[in-house]
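J.: File my_file_27.txt follows (compact mmCIF, C-alpha atoms):
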```
# COMPACT_ATOMS: atom_id res chain seq x y z
CA MET A 26 310.51 265.41 142.58
CA SER A 27 311.20 262.04 144.17
CA GLY A 28 314.35 260.91 145.97
CA SER A 29 317.83 260.35 144.58
CA GLY A 30 318.16 257.58 141.99
CA GLU A 31 314.37 257.07 141.71
CA HIS A 32 312.72 257.19 138.28
CA ARG A 33 309.37 256.38 136.72
CA ASP A 34 310.16 255.10 133.24
CA GLU A 35 312.52 255.73 130.32
CA ASP A 36 310.55 258.56 128.73
CA LYS A 37 310.00 260.61 131.90
CA LEU A 38 312.26 262.78 133.97
CA HIS A 39 315.02 261.11 135.93
CA VAL A 40 315.40 263.21 139.05
CA VAL A 41 318.27 264.22 141.31
CA PRO A 42 321.14 263.66 140.92
CA THR A 43 320.40 263.36 137.18
CA VAL A 44 317.33 264.78 135.44
CA ASP A 45 316.59 263.08 132.13
CA LEU A 46 314.36 264.96 129.70
CA PRO A 47 312.61 262.84 127.03
CA ALA A 48 314.33 262.84 123.63
CA ARG A 49 312.41 263.46 120.42
CA ALA A 50 312.31 260.51 118.03
CA LEU A 51 314.83 260.62 115.20
CA PRO A 52 313.36 261.40 111.75
CA ASP A 53 312.76 258.64 109.24
CA ARG A 54 315.46 258.76 106.56
CA GLY A 55 313.41 256.97 103.91
CA GLU A 56 312.60 258.62 100.62
CA GLY A 57 309.11 259.61 101.79
CA ALA A 58 310.62 261.58 104.66
CA LEU A 59 313.15 263.25 102.37
CA ALA A 60 310.55 264.17 99.79
CA SER A 61 308.27 265.70 102.39
CA ALA A 62 310.88 267.45 104.47
CA SER A 63 313.51 268.97 102.21
CA SER A 64 313.39 271.71 99.61
CA ASP A 65 314.45 275.19 98.66
CA VAL A 66 313.75 277.63 95.86
CA LEU A 67 317.13 278.89 94.67
CA PRO A 68 317.25 282.69 95.10
CA ASP A 69 318.50 283.49 91.59
CA GLN A 70 316.15 281.17 89.73
CA SER A 71 312.61 281.30 91.07
CA ARG A 72 311.39 278.24 89.12
CA ARG A 73 314.23 276.02 90.25
CA ARG A 74 313.29 273.61 93.03
CA TRP A 75 314.99 270.89 95.03
CA TYR A 76 314.12 267.28 94.25
CA VAL A 77 315.36 263.98 95.66
CA PHE A 78 317.20 261.30 93.70
CA ARG A 79 318.14 257.79 94.76
CA CYS A 80 321.65 256.44 94.11
CA LEU A 81 322.80 252.94 93.36
CA ALA A 82 324.23 251.18 96.39
CA ARG A 83 327.50 252.81 97.51
CA GLN A 84 327.56 255.00 94.39
CA GLU A 85 326.77 258.39 95.97
CA GLY A 86 330.15 259.88 95.05
CA LEU A 87 329.95 258.64 91.47
CA ALA A 88 326.42 260.01 91.10
CA GLU A 89 327.46 263.37 92.54
CA ALA A 90 330.47 263.69 90.22
CA ASN A 91 328.57 262.69 87.08
CA LEU A 92 325.65 265.01 87.81
CA ALA A 93 328.08 267.88 88.43
CA PHE A 94 329.77 267.07 85.10
CA GLN A 95 326.37 267.67 83.47
CA THR A 96 326.23 271.05 85.33
CA PHE A 97 323.42 269.98 87.64
CA VAL A 98 323.49 271.55 91.12
CA CYS A 99 323.41 268.79 93.77
CA PHE A 100 323.64 268.58 97.53
CA LEU A 101 324.69 265.32 99.19
CA PRO A 102 325.52 266.21 102.81
CA LYS A 103 328.20 264.34 104.72
CA VAL A 104 328.90 263.97 108.44
CA LEU A 105 331.76 262.67 110.57
CA VAL A 106 330.93 259.35 112.25
CA THR A 107 333.07 257.69 114.91
CA LYS A 108 332.80 253.91 115.30
CA ARG A 109 334.65 251.29 117.29
CA HIS A 110 336.66 248.97 115.07
CA ALA A 111 339.22 246.36 116.07
CA ARG A 112 339.53 247.70 119.64
CA ARG A 113 339.99 251.29 118.53
CA PHE A 114 337.80 254.18 117.46
CA VAL A 115 337.84 255.21 113.81
CA THR A 116 336.32 258.45 112.48
CA THR A 117 335.15 258.51 108.87
CA ARG A 118 333.09 260.70 106.56
CA GLU A 119 329.69 259.22 105.77
CA TRP A 120 326.64 260.33 103.82
CA LEU A 121 323.96 261.87 106.01
CA PHE A 122 321.24 260.24 103.87
CA PRO A 123 322.77 257.05 102.45
CA ARG A 124 321.73 256.45 98.81
CA TYR A 125 319.86 259.77 98.57
CA GLY A 126 320.76 263.25 97.38
CA PHE A 127 319.13 266.56 96.49
CA ILE A 128 319.20 268.09 93.01
CA ALA A 129 318.03 271.55 91.88
CA LEU A 130 315.88 271.46 88.74
CA ASP A 131 313.69 273.66 86.59
CA LEU A 132 311.44 271.05 85.02
CA GLY A 133 310.47 273.44 82.24
CA LYS A 134 314.07 274.02 81.10
CA ASP A 135 316.37 271.30 82.38
CA ARG A 136 316.77 267.93 80.70
CA TRP A 137 315.78 266.21 83.91
CA HIS A 138 315.14 262.85 82.20
CA SER A 139 318.91 262.53 81.83
CA VAL A 140 319.25 262.32 85.62
CA ASN A 141 317.85 258.77 85.54
CA GLY A 142 320.46 257.80 82.94
CA THR A 143 323.40 259.13 84.93
CA PHE A 144 326.01 256.63 86.13
CA GLY A 145 325.54 256.13 89.87
CA VAL A 146 321.91 257.29 89.89
CA GLU A 147 319.08 254.80 90.23
CA ARG A 148 316.19 257.24 89.69
CA LEU A 149 314.54 260.47 90.69
CA VAL A 150 311.91 260.15 93.41
CA MET A 151 308.64 260.54 91.51
CA GLY A 152 305.17 261.80 92.34
CA LYS A 153 301.94 261.33 90.41
CA GLN A 154 302.78 264.02 87.85
CA GLY A 155 306.53 263.69 87.55
CA PRO A 156 309.52 264.32 89.85
CA GLN A 157 308.29 265.08 93.35
CA PRO A 158 309.30 268.58 94.52
CA VAL A 159 310.08 268.82 98.20
CA PRO A 160 308.70 271.55 100.48
CA ASN A 161 310.70 274.66 101.22
CA GLY A 162 313.20 275.13 104.00
CA ILE A 163 315.07 272.05 105.09
CA VAL A 164 317.78 271.93 102.42
CA GLU A 165 318.50 275.58 103.10
CA SER A 166 318.57 274.81 106.83
CA LEU A 167 320.91 271.86 106.32
CA GLN A 168 323.26 274.04 104.31
CA THR A 169 323.66 276.43 107.23
CA TYR A 170 325.28 273.57 109.18
CA VAL A 171 328.01 273.00 106.56
CA ASP A 172 331.39 273.87 108.07
CA GLU A 173 334.69 274.88 106.49
CA ARG A 174 335.45 271.21 105.76
CA GLY A 175 332.27 270.82 103.74
CA LEU A 176 330.71 268.61 106.43
CA ILE A 177 327.43 268.91 108.31
CA ASP A 178 328.15 269.86 111.93
CA PHE A 179 324.95 269.96 113.98
CA ASP A 180 326.92 270.80 117.12
CA GLN A 181 328.24 274.17 115.94
CA GLY A 182 328.80 276.27 119.05
CA LEU A 183 327.99 273.34 121.32
CA LYS A 184 331.25 272.30 122.96
CA PRO A 185 331.86 271.19 126.56
CA GLY A 186 331.98 274.29 128.74
CA ALA A 187 329.67 276.33 126.49
CA VAL A 188 326.79 278.25 128.07
CA VAL A 189 323.50 276.93 126.72
CA ARG A 190 319.77 277.58 127.03
CA VAL A 191 317.11 274.84 127.21
CA LYS A 192 314.52 275.50 124.48
CA ARG A 193 311.83 272.93 125.34
CA GLY A 194 310.41 270.87 128.18
CA PRO A 195 309.88 271.69 131.86
CA PHE A 196 313.18 273.60 132.09
CA ALA A 197 312.61 275.75 128.97
CA GLY A 198 314.46 279.06 129.30
CA THR A 199 316.91 277.75 131.92
CA LEU A 200 320.60 278.50 131.43
CA GLY A 201 323.32 275.97 132.09
CA VAL A 202 326.76 274.74 131.11
CA LEU A 203 327.21 271.93 128.61
CA GLN A 204 329.16 269.04 130.13
CA SER A 205 329.20 266.54 127.27
CA LEU A 206 327.50 265.27 124.09
CA ASP A 207 327.21 261.56 123.39
CA GLY A 208 326.86 259.65 120.15
CA LYS A 209 323.13 259.11 120.67
CA GLY A 210 322.18 262.79 120.44
CA ARG A 211 322.01 263.35 124.19
CA ALA A 212 323.51 266.32 126.05
CA GLU A 213 324.56 266.41 129.70
CA LEU A 214 324.09 269.82 131.33
CA LEU A 215 324.72 271.58 134.61
CA LEU A 216 321.62 273.75 135.07
CA ASP A 217 321.21 276.77 137.35
CA LEU A 218 318.08 275.97 139.37
CA MET A 219 316.77 277.15 142.75
CA ASN A 220 319.97 278.87 143.85
CA GLY A 221 321.96 275.76 143.01
CA GLN A 222 323.09 273.55 140.16
CA VAL A 223 321.39 270.39 138.94
CA ARG A 224 322.95 267.88 136.56
CA ALA A 225 320.56 266.94 133.73
CA LYS A 226 320.41 265.09 130.44
CA THR A 227 318.31 266.11 127.46
CA ALA A 228 318.06 265.75 123.69
CA ARG A 229 320.64 267.68 121.68
CA GLU A 230 317.91 269.50 119.71
CA TRP A 231 316.38 270.86 122.95
CA ILE A 232 319.32 273.16 123.67
CA GLU A 233 321.04 276.09 121.95
CA ALA A 234 324.31 277.90 122.51
CA VAL A 235 324.09 281.33 124.12
CA ALA A 236 326.15 283.89 122.24
```
What do you get writing this file as structure tokens?
T.:
Amino acid sequence: MSGSGEHRDEDKLHVVPTVDLPARALPDRGEGALASASSDVLPDQSRRRWYVFRCLARQEGLAEANLAFQTFVCFLPKVLVTKRHARRFVTTREWLFPRYGFIALDLGKDRWHSVNGTFGVERLVMGKQGPQPVPNGIVESLQTYVDERGLIDFDQGLKPGAVVRVKRGPFAGTLGVLQSLDGKGRAELLLDLMNGQVRAKTAREWIEAVA
């Protein structure tokens, strides 16, 4: 390590008094990313898969309600977002994937063509042979982050003062205490290193709460 305050560039470690681990790039939220990264086979219906549909602008709620009225199972995750407005901070509920949602379909049984004619829906995301199924796992994973308010909370268990473990990078396996989380997905930690404590910053997804 070099001396206090010295650093090499943005993507490398910032050393004592603050160590800055490189953050992983945020995922693309376009329809290609959703179609390739989100799906689940519902446990009680083995042929039912998750697909992605696109909503009309600012019509996510209308699309969700009208699809539910037709008894389709949908998942449009929401998150809390805090923004500065008129010299004060305002927290609102926003769609995690604006203009996109997930819908469970059995293409052999469901009248999936009616999805495109639903008020609020622009269209299903299509592949070469029909609606594009999305790979297994991510929808199910997203659903595990839904809290009692029905919102996605990626910071479950990660509150200031919580004991955490670094999962990746040069300090993988190191325990520390979470100091803060910022709005850019960065976490400030106090790590136990070399018989002392070092203050560090890392990406939120590089740490986990220790039970």
J.: Mind pulling up the distance from CA of Ala88 (chain A) to CA of Ile177 (chain A)?
T.: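 Pair CA of Ile177 (chain A) / CA of Ala88 (chain A) returns 19.4 Å.
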J.: Find the residues around Val171 (chain A) up to 12 Å (only C-alpha atoms counted), leave out those fewer than 4 positions away in its own chain, and share them as a JSON list (two decimals) with C-alpha atoms, keeping the file's coordinate frame.
T.:
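Result written to result-v3.json:
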```
[["chain", "number", "residue", "atom", "x", "y", "z"],
["A", 100, "PHE", "CA", 323.64, 268.58, 97.53],
["A", 101, "LEU", "CA", 324.69, 265.32, 99.19],
["A", 102, "PRO", "CA", 325.52, 266.21, 102.81],
["A", 103, "LYS", "CA", 328.20, 264.34, 104.72],
["A", 104, "VAL", "CA", 328.90, 263.97, 108.44],
["A", 105, "LEU", "CA", 331.76, 262.67, 110.57],
["A", 121, "LEU", "CA", 323.96, 261.87, 106.01],
["A", 164, "VAL", "CA", 317.78, 271.93, 102.42],
["A", 165, "GLU", "CA", 318.50, 275.58, 103.10],
["A", 166, "SER", "CA", 318.57, 274.81, 106.83],
["A", 167, "LEU", "CA", 320.91, 271.86, 106.32],
["A", 175, "GLY", "CA", 332.27, 270.82, 103.74],
["A", 176, "LEU", "CA", 330.71, 268.61, 106.43],
["A", 177, "ILE", "CA", 327.43, 268.91, 108.31],
["A", 178, "ASP", "CA", 328.15, 269.86, 111.93],
["A", 179, "PHE", "CA", 324.95, 269.96, 113.98],
["A", 180, "ASP", "CA", 326.92, 270.80, 117.12],
["A", 181, "GLN", "CA", 328.24, 274.17, 115.94]]
```
J.: So that I can check the surroundings of Gly142 (chain A), please list as a ChimeraX atom specification every protein, DNA and RNA residue that reaches within 12 Å of it, counting only C-alpha atoms and ignoring chain neighbours fewer than 4 positions away.
T.: /A:78,80-81,88,91-92,95,136-138,146-149
J.: From the options A:Thr143, A:Ala82, A:Gln222, A:Phe127, which residue's atoms come nearest to Gln168 (chain A), counting only C-alpha atoms?
T.: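 Among A:Thr143, A:Ala82, A:Gln222, A:Phe127, it is A:Phe127 that comes nearest to Gln168 (chain A).
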J.: Please report the interatomic distance between CA of Val202 (chain A) and CA of Glu173 (chain A) in Å with one decimal.
T.: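 One can read the CA of Val202 (chain A) to CA of Glu173 (chain A) distance as 25.9 Å.
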J.: Grab the CA of Leu132 (chain A) to CA of Pro156 (chain A) distance for me, in Å with one decimal place.
T.: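 So the two atoms, CA of Leu132 (chain A) and CA of Pro156 (chain A), lie 8.5 Å apart.
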J.: When distances are computed from all atoms listed in the file, which of A:Pro158, A:Pro123, A:Gly152, A:Gly133 shows the smallest separation from Arg74 (chain A)?
T.: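 Closest residue, counting all atoms listed in the file: A:Pro158.
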J.: Show me that you can extract region 164-187 of chain A, keeping C-alpha atoms, and write it as a JSON list (two decimals), in the first residue's frame.
T.:
```json
[["chain", "number", "residue", "atom", "x", "y", "z"],
["A", 164, "VAL", "CA", -37.43, -13.67, -10.97],
["A", 165, "GLU", "CA", -37.40, -16.16, -8.12],
["A", 166, "SER", "CA", -34.34, -14.41, -6.69],
["A", 167, "LEU", "CA", -35.98, -10.99, -7.00],
["A", 168, "GLN", "CA", -39.05, -12.27, -5.18],
["A", 169, "THR", "CA", -36.94, -13.22, -2.16],
["A", 170, "TYR", "CA", -36.15, -9.51, -1.71],
["A", 171, "VAL", "CA", -39.83, -8.50, -1.46],
["A", 172, "ASP", "CA", -40.53, -7.18, 2.04],
["A", 173, "GLU", "CA", -43.73, -6.91, 4.06],
["A", 174, "ARG", "CA", -44.64, -3.71, 2.17],
["A", 175, "GLY", "CA", -44.49, -5.49, -1.17],
["A", 176, "LEU", "CA", -41.32, -3.61, -2.14],
["A", 177, "ILE", "CA", -37.93, -4.87, -3.27],
["A", 178, "ASP", "CA", -35.38, -4.26, -0.51],
["A", 179, "PHE", "CA", -31.89, -5.26, -1.62],
["A", 180, "ASP", "CA", -30.44, -4.12, 1.71],
["A", 181, "GLN", "CA", -32.27, -6.62, 3.90],
["A", 182, "GLY", "CA", -30.10, -7.20, 6.95],
["A", 183, "LEU", "CA", -27.67, -4.48, 5.88],
["A", 184, "LYS", "CA", -28.12, -1.60, 8.30],
["A", 185, "PRO", "CA", -25.47, 0.66, 9.84],
["A", 186, "GLY", "CA", -23.84, -1.22, 12.71],
["A", 187, "ALA", "CA", -24.45, -4.67, 11.19]]
```
